[in-house]
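Here is the structure we will look at.
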Number of protein chains: 2
Amino acid sequence: MIAIGEASRQSGVGIETIRYYEREGIVPRPARALNNRRLYSASDVGRLRFLKKCRDLGFPLSDAKALLELSEGSAEDCRSVKELAETHIASVRSKIDELRRLEHALSELTANCDSGNVQCPMLQRLRTMDDI
Amino acid sequence: MIAIGEASRQSGVGIETIRYYEREGIVPRPARALNNRRLYSASDVGRLRFLKKCRDLGFPLSDAKALLELSEGSAEDCRSVKELAETHIASVRSKIDELRRLEHALSELTANCDSGNVQCPMLQRLRTMDDI
DNA sequence: TATAACTCCTGTAGTAACTACAGGATCAAG
DNA sequence: CTTGATCCTGTAGTTACTACAGGAGTTATA
């Protein structure tokens, strides 16, 4: 059993974040030492690492929690997992599309923008045009 | 001079958001009618429309504010505008890259995930592997 | 043994950019 | 005169943390 600092180091999840997950009920309350300090087991650390990977993959915390629960369940529900993941993939793809459109629009806006202009063409367009 | 609801309709910025911009000093305080209701001029609405476009382009509000101020300045500083825009474009591009990597990782994770599995391969990987 | 440096505790507040009320006042239409 | 729309201020909620404040206990060094 290890203290919170070590659990943080082993899992990559910050100390404050670990306590936050505990407050929010994302992870179970850990054991406590006689001096009231939190004590983490190997499987506690495993849960934190699991959550870390989900978050790094961009899953919202609520999804990460759901995936963790599925992962702890006796019969793992592969279909639910896939559903969550595919919804997430779809939202990632639509974000990519949106950002690509943005990139395009921004490139166009700055195209004629060079030092020495009295009137900045980008500002002009932001002020006046309706198609942005 | 129009009321806040009409200004919201004409600019596309929500009523609460308009008041929020005012509180934050993003837009100047509008005139008030005798009954204390806000009154917006055409240029007030112009500012709101400008901000709306900046936000739609993904500029953080602080950038939108800066761009608005540049736009109001007597001598428009095209170089500053371009700098803000290019920094923003760079961050958009890096977000796109990051999301593409995510999409790839997620697709791989779900590849072998089909209903009927006793052990979900995605959960397996989330639990055990270190390369995610 | 004293003391410094470290880690931990609880609880609260701050972040970005809104959004959603609550509770009340005012206004326009019929 | 009443109904419904709009407006006002002020506060709290959203996401997922992060940063303290203020205090207590632990470990390492002198």
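Identifiers in this document derive from the order of the structure tokens: chains are assigned A, B, ..., residues are numbered from 1 separately in each chain, and ligands are numbered from 1 in order of occurrence.
Around Val92 of chain A, within 12 Å and counting only C-alpha atoms (C1' of nucleotides), the residues found are A:Leu57, A:Gly58, A:Phe59, A:Pro60, A:Ala85, A:Glu86, A:Thr87, A:His88, A:Ile89, A:Ala90, A:Ser94, A:Lys95, A:Ile96, A:Asp97, A:Glu98, A:Leu99, B:Lys95, B:Ile96, B:Asp97, B:Glu98, B:Leu99, B:Arg100, B:Arg101, B:Leu102, B:Glu103, B:His104, B:Ala105, B:Leu106, B:Ser107, once anything fewer than 2 positions away on its own chain is removed.
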TODO: Using all C-alpha atoms matched in sequence order, least-squares fit chain B onto chain A and give the RMSD rounded to one decimal in Å.
DONE: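 Answer to one decimal place: 0.1 Å.
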TODO: Within 10 Å of Ala42 of chain B, counting only C-alpha atoms (C1' of nucleotides), which residues show up once you throw out same-chain ones fewer than 6 positions away? Write them as a PyMOL selection string, please.
DONE: chain B and resi 1-2+7+10+48
Open item on the list: List the spatial neighbours of DT15 of chain C as a VMD selection string - criterion: any atom at most 12 Å away, only C-alpha atoms (C1' of nucleotides), same-chain residues fewer than 6 positions off excluded.
Closed with: chain D and resid 15 to 19
Could those residues be written to a file, using C-alpha atoms (C1' of nucleotides), as a PDB file, in the first residue's frame?
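Output (result.pdb):
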```
ATOM      1  C1'  DT D  15     -16.060  20.558 -17.466  1.00  0.00           C
ATOM      2  C1'  DA D  16     -12.228  18.739 -15.494  1.00  0.00           C
ATOM      3  C1'  DC D  17      -9.340  19.984 -13.146  1.00  0.00           C
ATOM      4  C1'  DT D  18      -5.693  23.270 -10.623  1.00  0.00           C
ATOM      5  C1'  DA D  19      -4.185  26.259  -7.043  1.00  0.00           C
TER       6       DA D  19
END
```
- [ ] Would you please extract all helix (DSSP H, G or I) residues from segment 2-122 of chain B, as assigned by DSSP on the backbone, and give them as JSON, numbers by chain?
- [x] {"B": [4, 5, 6, 7, 8, 9, 10, 11, 15, 16, 17, 18, 19, 20, 21, 22, 23, 42, 43, 44, 45, 46, 47, 48, 49, 50, 51, 52, 53, 54, 55, 56, 61, 62, 63, 64, 65, 66, 67, 68, 69, 70, 71, 72, 78, 79, 80, 81, 82, 83, 84, 85, 86, 87, 88, 89, 90, 91, 92, 93, 94, 95, 96, 97, 98, 99, 100, 101, 102, 103, 104, 105, 106, 107, 108, 109, 110, 111, 121, 122]}
Task: chain B contacts to chain D at 8 Å (only C-alpha atoms (C1' of nucleotides)) as number ranges by chain - done: B: 5, 36-37
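In this structure, atom CA of Ala64 of chain B sits 19.9 Å away from atom C1' of DT19 of chain C.
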Dump as an mmCIF file with N, CA and C atoms, in the first residue's frame the residues of chain A that approach chain C to within 12 Å, counting only C-alpha atoms (C1' of nucleotides).
```
data_model
loop_
_atom_site.group_PDB
_atom_site.id
_atom_site.type_symbol
_atom_site.label_atom_id
_atom_site.label_comp_id
_atom_site.auth_asym_id
_atom_site.auth_seq_id
_atom_site.Cartn_x
_atom_site.Cartn_y
_atom_site.Cartn_z
ATOM 1 N N ALA A 3 1.331 5.690 -0.603
ATOM 2 C CA ALA A 3 0.703 6.979 -0.331
ATOM 3 C C ALA A 3 0.268 7.639 -1.632
ATOM 4 N N ILE A 4 -0.455 8.727 -1.513
ATOM 5 C CA ILE A 4 -1.056 9.339 -2.701
ATOM 6 C C ILE A 4 -0.003 9.863 -3.669
ATOM 7 N N GLY A 5 1.096 10.368 -3.134
ATOM 8 C CA GLY A 5 2.145 10.901 -3.998
ATOM 9 C C GLY A 5 2.723 9.822 -4.898
ATOM 10 N N GLU A 6 2.972 8.669 -4.302
ATOM 11 C CA GLU A 6 3.521 7.558 -5.070
ATOM 12 C C GLU A 6 2.482 7.048 -6.073
ATOM 13 N N ILE A 15 -1.991 14.528 -7.986
ATOM 14 C CA ILE A 15 -2.513 14.297 -6.638
ATOM 15 C C ILE A 15 -3.890 14.944 -6.466
ATOM 16 N N GLU A 16 -3.983 16.183 -6.859
ATOM 17 C CA GLU A 16 -5.264 16.900 -6.697
ATOM 18 C C GLU A 16 -6.345 16.235 -7.535
ATOM 19 N N ARG A 19 -7.656 13.132 -5.778
ATOM 20 C CA ARG A 19 -8.622 13.469 -4.726
ATOM 21 C C ARG A 19 -9.942 13.925 -5.362
ATOM 22 N N ARG A 23 -13.660 12.469 -4.729
ATOM 23 C CA ARG A 23 -14.822 13.298 -4.367
ATOM 24 C C ARG A 23 -15.991 13.043 -5.297
ATOM 25 N N ARG A 32 -7.286 4.011 4.546
ATOM 26 C CA ARG A 32 -6.593 5.101 5.235
ATOM 27 C C ARG A 32 -5.631 4.502 6.251
ATOM 28 N N ALA A 33 -4.502 5.149 6.404
ATOM 29 C CA ALA A 33 -3.574 4.764 7.463
ATOM 30 C C ALA A 33 -4.088 5.324 8.788
ATOM 31 N N ASN A 35 -2.849 7.496 10.553
ATOM 32 C CA ASN A 35 -2.699 8.953 10.569
ATOM 33 C C ASN A 35 -3.613 9.644 9.554
ATOM 34 N N ASN A 36 -4.575 8.905 9.053
ATOM 35 C CA ASN A 36 -5.600 9.453 8.158
ATOM 36 C C ASN A 36 -5.140 9.661 6.714
ATOM 37 N N ARG A 37 -3.931 9.248 6.415
ATOM 38 C CA ARG A 37 -3.471 9.424 5.028
ATOM 39 C C ARG A 37 -4.000 8.293 4.151
ATOM 40 N N ARG A 38 -4.258 8.647 2.904
ATOM 41 C CA ARG A 38 -4.794 7.667 1.965
ATOM 42 C C ARG A 38 -3.747 6.609 1.621
ATOM 43 N N LEU A 39 -4.227 5.370 1.471
ATOM 44 C CA LEU A 39 -3.346 4.258 1.108
ATOM 45 C C LEU A 39 -3.903 3.582 -0.136
#
```
- [ ] Just give me the gap between atom CA of Leu109 of chain B and atom CA of Met122 of chain B in Å, one decimal is fine.
- [x]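 Atom CA of Leu109 of chain B sits 5.2 Å away from atom CA of Met122 of chain B.
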Task: Shortest interatomic distance to chain B - which of A:Asn112, A:Ser71, A:Ser91, A:Ser41, counting only C-alpha atoms - done: A:Ser71
Task: Which residue of B:Leu34, B:Cys120, B:Leu68, B:Met129 approaches chain A most closely, using only C-alpha atoms - done: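 Under the stated criterion, the closest residue is B:Cys120.
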Open item on the list: I need the residues in segment 13-110 of chain B that are strand (DSSP E or B) according to DSSP; give them as a VMD selection string.
Closed with: chain B and resid 31 to 32 38 to 40
Only C-alpha atoms, please: the residues just picked out, written as a CSV table (one decimal), in the first residue's frame.
```csv
chain,number,residue,atom,x,y,z
B,31,ALA,CA,-26.7,53.6,-23.4
B,32,ARG,CA,-29.7,53.2,-21.1
B,38,ARG,CA,-30.0,48.8,-22.4
B,39,LEU,CA,-30.0,50.6,-25.7
B,40,TYR,CA,-27.8,49.5,-28.6
```
Task: All residues 12 Å or closer to Cys113 of chain A, only C-alpha atoms (C1' of nucleotides), same chain fewer than 4 positions away omitted, as a PyMOL selection string - done: (chain A and resi 106-109+117-125) or (chain B and resi 76-86)
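Between chain B and the candidates A:Arg9, A:Lys65, A:Arg127, A:Lys52, the tightest atom-to-atom separation, counting only C-alpha atoms, involves A:Arg127.
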Task: Residue nearest chain B among A:Thr17, A:Ser8, A:Ser43, A:Thr110 (counting only C-alpha atoms) - done: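 Of the candidates, the smallest distance to chain B is held by A:Thr110.
Atom CA of Gly46 of chain A sits 14.4 Å away from atom CA of Leu70 of chain A.
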